[in-house]
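Asks: Before we start, here is the structure in question, set down as structure tokens.
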Amino acid sequence: MAERELDSRELGHRELDPRELDSREVRRAFDHAAACYDAHAVLQREVCDRLLERLDFMTLQPERVLDVGCGTGYGLAHLRERYATAELCALDLAPAMLKAAQAKLPQAGWAQRARDLLTVRRTPPTHMLCADMERLPLATSSVNLLWSSLALQWAGDLEATLKDFHRVLAPGGLLIFATFGPDTLKELRTAFAAVDDAPHVNRFVDLHDIGDMLVHAGFASPVMEMEMLTLTYADLKSLMRDLKGIGAHNAAASRKRGLLGKAAWAKLEQAYDALRQAGRLPATYEVIYGHAWVGDKTRREDGRQVIQFNIGQRRREAGLA
């Protein structure tokens, strides 16, 4: 008897890690959400503002800045204003997000363009790069500041991603980021548990685990903070509309395909309504902030010291050349 070939949906729930994300679905969702993202991104702008405030305490004056997961460009515009002489690179997985971000950047008028032609020091460029943050198409030690506001939760392999961040950062460079922790959307996860046991809400990495990953990636003395932010809604449909509007729906590789049926939706609404507080439905977000510096990059992960020297110069000094 021939073996039956199993459909990927049959394998998904039993074998796939619930944290594993479908990168194609992530890209599709954010491409689709780009046009309406800003209308729903209240929390995202608030977190970005709080992350920008943390830069006030950093004395770094970077020559090159990388914005990973720039979205529609809210943070990018602020980085352009803050680091007026720096070369900026905006990276996002979704082409439509990059297009929206570019539209937010100040456009040089004819007077500025004329000055750029007549002076040696021109307005520094802003590059738009469509790529996966897990495989940065950038040279080693080419960036001085790597900024990422609410994008790291979409990394399929967070530790590998942080190692690549360390690779592209130059010695003395800074990584600063915000991401979501495990208690994010805990009410929605609890309500879905009353419907079935399938993953409906993405899983997020704990603050302490992220700190350990930063150390393993080679970063020095990471500083981690956490705060809880809560949005409230009149009904479940309003919450789901916001999540869909920013492209943040379930992208787990093991997720169930298709929409909830009427009976399942009614059960979900009933379960969530039991969590109502002061007449409103809460949606909690655990926001993790972190920053870490890059050292001199002269020590390998296994602890061996890397010593660099110029053989030609040594030979000349010894009178051998």
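Labels used: A, B, ... for chains in the order of the structure tokens, numbers from 1 for residues in each chain, and numbers from 1 for ligands as shown.
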I need the strand (DSSP E or B) residues of range 11-100 of chain A per DSSP on the backbone, written as a ChimeraX atom specification.
Replies: /A:21,64-68,87-92
Asks: I need the chosen residues saved as an mmCIF file, in the first residue's frame, with N, CA and C atoms.
Replies:
data_model
loop_
_atom_site.group_PDB
_atom_site.id
_atom_site.type_symbol
_atom_site.label_atom_id
_atom_site.label_comp_id
_atom_site.auth_asym_id
_atom_site.auth_seq_id
_atom_site.Cartn_x
_atom_site.Cartn_y
_atom_site.Cartn_z
ATOM 1 N N LEU A 21 7.367 31.395 12.529
ATOM 2 C CA LEU A 21 6.520 32.290 11.750
ATOM 3 C C LEU A 21 6.619 31.989 10.256
ATOM 4 N N ARG A 64 26.436 56.434 10.160
ATOM 5 C CA ARG A 64 25.460 55.618 9.437
ATOM 6 C C ARG A 64 24.464 55.014 10.422
ATOM 7 N N VAL A 65 23.188 55.167 10.092
ATOM 8 C CA VAL A 65 22.101 54.687 10.946
ATOM 9 C C VAL A 65 21.245 53.703 10.141
ATOM 10 N N LEU A 66 20.917 52.576 10.750
ATOM 11 C CA LEU A 66 20.057 51.572 10.127
ATOM 12 C C LEU A 66 18.777 51.447 10.939
ATOM 13 N N ASP A 67 17.631 51.665 10.283
ATOM 14 C CA ASP A 67 16.320 51.481 10.896
ATOM 15 C C ASP A 67 15.768 50.143 10.411
ATOM 16 N N VAL A 68 15.735 49.156 11.304
ATOM 17 C CA VAL A 68 15.276 47.803 10.943
ATOM 18 C C VAL A 68 13.787 47.665 11.244
ATOM 19 N N GLU A 87 24.161 59.241 7.303
ATOM 20 C CA GLU A 87 23.614 58.468 6.201
ATOM 21 C C GLU A 87 22.638 57.453 6.787
ATOM 22 N N LEU A 88 21.409 57.447 6.300
ATOM 23 C CA LEU A 88 20.367 56.569 6.835
ATOM 24 C C LEU A 88 20.041 55.446 5.871
ATOM 25 N N CYS A 89 19.696 54.293 6.459
ATOM 26 C CA CYS A 89 19.212 53.157 5.667
ATOM 27 C C CYS A 89 17.951 52.640 6.334
ATOM 28 N N ALA A 90 16.851 52.612 5.587
ATOM 29 C CA ALA A 90 15.578 52.104 6.087
ATOM 30 C C ALA A 90 15.341 50.723 5.516
ATOM 31 N N LEU A 91 15.141 49.749 6.388
ATOM 32 C CA LEU A 91 14.970 48.356 5.954
ATOM 33 C C LEU A 91 13.602 47.839 6.391
ATOM 34 N N ASP A 92 12.905 47.196 5.457
ATOM 35 C CA ASP A 92 11.641 46.559 5.796
ATOM 36 C C ASP A 92 11.412 45.389 4.847
#
Asks: Using only C-alpha atoms, determine which residues lie at most 8 Å from range 27-36 of chain A, disregarding the query and same-chain residues fewer than 4 positions distant; provide the list as a list in words.
Replies: Ser23, His40, Gly71, Thr72, Leu93, Ala94, Pro95, Ala96, Met97, Ala100, Lys244, Gly245, Ile246, Gly247, Ala248 and His249 of chain A
Asks: Each residue of range 122-217 of chain A lying at most 8 Å from range 283-290 of chain A should get a row with its shortest atom-to-atom pair and the distance in Å to one decimal, counting only C-alpha atoms; could you produce that, ordered by chain and increasing number, as CSV?
Replies:
residue,atom,partner,partner_atom,distance
A:Ile176,CA,A:Gly290,CA,5.8
A:Phe177,CA,A:Gly290,CA,5.5
A:Ala178,CA,A:Tyr289,CA,4.4
A:Thr179,CA,A:Ile288,CA,5.2
A:Phe180,CA,A:Val287,CA,4.8
A:Gly181,CA,A:Glu286,CA,5.0
A:Pro182,CA,A:Glu286,CA,6.9
A:Asp183,CA,A:Glu286,CA,5.5
A:Thr184,CA,A:Tyr285,CA,4.1
A:Leu185,CA,A:Thr284,CA,5.2
A:Lys186,CA,A:Thr284,CA,6.5
A:Glu187,CA,A:Ala283,CA,6.3
A:Leu188,CA,A:Ala283,CA,7.4
A:Leu207,CA,A:Ile288,CA,6.6
Asks: Please return, as a ChimeraX atom specification, all residues of range 8-83 of chain A that DSSP assigns to alpha helix (DSSP H) on the basis of the backbone.
Replies: /A:8-15,23-33,37-40,42-54,74-82
Asks: Please write the residues from the selection above to a file, keeping C-alpha atoms, as a PDB file, in the first residue's frame.
Replies:
ATOM      1  CA  SER A   8       1.153  20.706   5.406  1.00  0.00           C
ATOM      2  CA  ARG A   9      -1.898  21.765   7.431  1.00  0.00           C
ATOM      3  CA  GLU A  10      -2.110  18.267   8.918  1.00  0.00           C
ATOM      4  CA  LEU A  11       1.546  18.398   9.902  1.00  0.00           C
ATOM      5  CA  GLY A  12       1.447  21.982  11.119  1.00  0.00           C
ATOM      6  CA  HIS A  13      -0.346  21.766  14.433  1.00  0.00           C
ATOM      7  CA  ARG A  14       1.424  18.581  15.526  1.00  0.00           C
ATOM      8  CA  GLU A  15       5.014  19.234  14.486  1.00  0.00           C
ATOM      9  CA  SER A  23       7.674  34.935   6.640  1.00  0.00           C
ATOM     10  CA  ARG A  24       5.660  35.066   3.425  1.00  0.00           C
ATOM     11  CA  GLU A  25       2.488  35.647   5.425  1.00  0.00           C
ATOM     12  CA  VAL A  26       4.217  38.359   7.485  1.00  0.00           C
ATOM     13  CA  ARG A  27       5.288  40.156   4.312  1.00  0.00           C
ATOM     14  CA  ARG A  28       1.845  39.799   2.717  1.00  0.00           C
ATOM     15  CA  ALA A  29       0.080  41.117   5.813  1.00  0.00           C
ATOM     16  CA  PHE A  30       2.277  44.207   6.124  1.00  0.00           C
ATOM     17  CA  ASP A  31       2.115  44.938   2.418  1.00  0.00           C
ATOM     18  CA  HIS A  32      -1.663  44.831   2.641  1.00  0.00           C
ATOM     19  CA  ALA A  33      -1.733  46.996   5.797  1.00  0.00           C
ATOM     20  CA  TYR A  37      -1.346  51.360   9.040  1.00  0.00           C
ATOM     21  CA  ASP A  38      -1.034  54.912  10.384  1.00  0.00           C
ATOM     22  CA  ALA A  39      -4.754  55.110  11.188  1.00  0.00           C
ATOM     23  CA  HIS A  40      -4.430  52.153  13.580  1.00  0.00           C
ATOM     24  CA  VAL A  42      -1.560  54.485  18.093  1.00  0.00           C
ATOM     25  CA  LEU A  43       0.427  52.138  20.328  1.00  0.00           C
ATOM     26  CA  GLN A  44       3.269  51.830  17.801  1.00  0.00           C
ATOM     27  CA  ARG A  45       3.769  55.613  17.702  1.00  0.00           C
ATOM     28  CA  GLU A  46       3.687  55.838  21.500  1.00  0.00           C
ATOM     29  CA  VAL A  47       6.341  53.130  21.883  1.00  0.00           C
ATOM     30  CA  CYS A  48       8.462  54.752  19.162  1.00  0.00           C
ATOM     31  CA  ASP A  49       8.301  58.097  20.990  1.00  0.00           C
ATOM     32  CA  ARG A  50       9.416  56.435  24.221  1.00  0.00           C
ATOM     33  CA  LEU A  51      12.287  54.720  22.415  1.00  0.00           C
ATOM     34  CA  LEU A  52      13.331  58.042  20.860  1.00  0.00           C
ATOM     35  CA  GLU A  53      13.455  59.568  24.347  1.00  0.00           C
ATOM     36  CA  ARG A  54      16.036  56.965  25.319  1.00  0.00           C
ATOM     37  CA  TYR A  74       7.313  57.372  11.657  1.00  0.00           C
ATOM     38  CA  GLY A  75      10.572  56.623  13.473  1.00  0.00           C
ATOM     39  CA  LEU A  76      12.671  57.099  10.346  1.00  0.00           C
ATOM     40  CA  ALA A  77      11.518  60.699   9.945  1.00  0.00           C
ATOM     41  CA  HIS A  78      12.514  61.424  13.555  1.00  0.00           C
ATOM     42  CA  LEU A  79      15.909  59.769  13.057  1.00  0.00           C
ATOM     43  CA  ARG A  80      16.472  61.880   9.944  1.00  0.00           C
ATOM     44  CA  GLU A  81      15.741  65.016  11.976  1.00  0.00           C
ATOM     45  CA  ARG A  82      17.872  63.948  14.951  1.00  0.00           C
TER      46      ARG A  82
END
Asks: Contacts of Val143 in chain A at 9 Å or less, counting only C-alpha atoms, minus same-chain residues fewer than 4 places along, as a VMD selection string?
Replies: chain A and resid 62 to 66 138 to 139 168 to 170 173 to 174
Asks: Keeping C-alpha atoms for every residue in the selection just given, could you write it to a file as a PDB file, in the first residue's frame?
Replies:
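Output file selection07.pdb is given in full below:
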ATOM      1  CA  PRO A  62      26.625  58.123  14.130  1.00  0.00           C
ATOM      2  CA  GLU A  63      27.805  58.412  10.562  1.00  0.00           C
ATOM      3  CA  ARG A  64      25.460  55.618   9.437  1.00  0.00           C
ATOM      4  CA  VAL A  65      22.101  54.687  10.946  1.00  0.00           C
ATOM      5  CA  LEU A  66      20.057  51.572  10.127  1.00  0.00           C
ATOM      6  CA  LEU A 138      25.095  45.005   4.608  1.00  0.00           C
ATOM      7  CA  ALA A 139      28.851  44.937   5.049  1.00  0.00           C
ATOM      8  CA  VAL A 168      26.972  44.894  10.807  1.00  0.00           C
ATOM      9  CA  LEU A 169      27.571  47.228  13.761  1.00  0.00           C
ATOM     10  CA  ALA A 170      30.989  48.848  13.923  1.00  0.00           C
ATOM     11  CA  GLY A 173      28.221  51.031  17.744  1.00  0.00           C
ATOM     12  CA  LEU A 174      24.866  50.971  19.502  1.00  0.00           C
TER      13      LEU A 174
END
Asks: Can you tell me, as a VMD selection string, what residues are no more than 12 Å from Pro282 in chain A when counting only C-alpha atoms, ignoring any on the same chain fewer than 2 positions away?
Replies: chain A and resid 184 to 188 191 228 to 236 238 to 239 272 to 280 284 to 285
Asks: Now that the selection is made, can you save its residues with C-alpha atoms as an mmCIF file, in the first residue's frame?
Replies:
data_model
loop_
_atom_site.group_PDB
_atom_site.id
_atom_site.type_symbol
_atom_site.label_atom_id
_atom_site.label_comp_id
_atom_site.auth_asym_id
_atom_site.auth_seq_id
_atom_site.Cartn_x
_atom_site.Cartn_y
_atom_site.Cartn_z
ATOM 1 C CA THR A 184 1.309 40.862 25.017
ATOM 2 C CA LEU A 185 -2.359 40.322 24.088
ATOM 3 C CA LYS A 186 -2.738 37.936 27.010
ATOM 4 C CA GLU A 187 -6.493 38.611 27.165
ATOM 5 C CA LEU A 188 -6.943 37.658 23.521
ATOM 6 C CA ALA A 191 -10.242 34.119 25.137
ATOM 7 C CA MET A 228 2.901 47.271 30.476
ATOM 8 C CA LEU A 229 0.698 49.394 28.234
ATOM 9 C CA THR A 230 -3.036 48.751 27.930
ATOM 10 C CA LEU A 231 -5.435 49.843 25.219
ATOM 11 C CA THR A 232 -9.181 49.505 25.780
ATOM 12 C CA TYR A 233 -11.952 48.803 23.291
ATOM 13 C CA ALA A 234 -15.720 48.951 23.229
ATOM 14 C CA ASP A 235 -15.922 45.540 21.567
ATOM 15 C CA LEU A 236 -13.834 42.710 20.161
ATOM 16 C CA SER A 238 -12.648 47.075 17.199
ATOM 17 C CA LEU A 239 -9.585 45.318 18.622
ATOM 18 C CA TYR A 272 -13.352 38.043 26.018
ATOM 19 C CA ASP A 273 -16.400 39.859 27.407
ATOM 20 C CA ALA A 274 -15.810 38.089 30.731
ATOM 21 C CA LEU A 275 -12.575 40.105 30.977
ATOM 22 C CA ARG A 276 -14.313 43.468 30.561
ATOM 23 C CA GLN A 277 -13.180 46.172 33.007
ATOM 24 C CA ALA A 278 -15.122 49.371 33.677
ATOM 25 C CA GLY A 279 -17.197 48.660 30.601
ATOM 26 C CA ARG A 280 -14.212 48.285 28.265
ATOM 27 C CA THR A 284 -2.380 44.455 27.279
ATOM 28 C CA TYR A 285 1.002 44.924 25.628
#
Asks: Let me make sure I understand: among A:Leu129, A:Leu175, A:Leu158, A:Leu105, which one has the smallest atom-to-atom distance to Leu60 in chain A if we use only C-alpha atoms?
Replies: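 Distance minimum relative to Leu60 in chain A lands on A:Leu175.
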Asks: Report the distance between CA of Asp164 in chain A and CA of Lys99 in chain A in Å, rounded to one decimal place.
Replies: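 About the pair CA of Asp164 in chain A and CA of Lys99 in chain A: they are 25.0 Å apart.
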Asks: Would you work out the distance separating CA of Asn144 in chain A from CA of Tyr83 in chain A, expressed in Å to one decimal?
Replies: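 Distance between the two atoms: 11.7 Å.
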Asks: As an exercise, work out the distance from CA of Val201 in chain A to CA of Met213 in chain A in Å and give it to one decimal place.
Replies: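 Distance reported for this atom pair: 23.1 Å.
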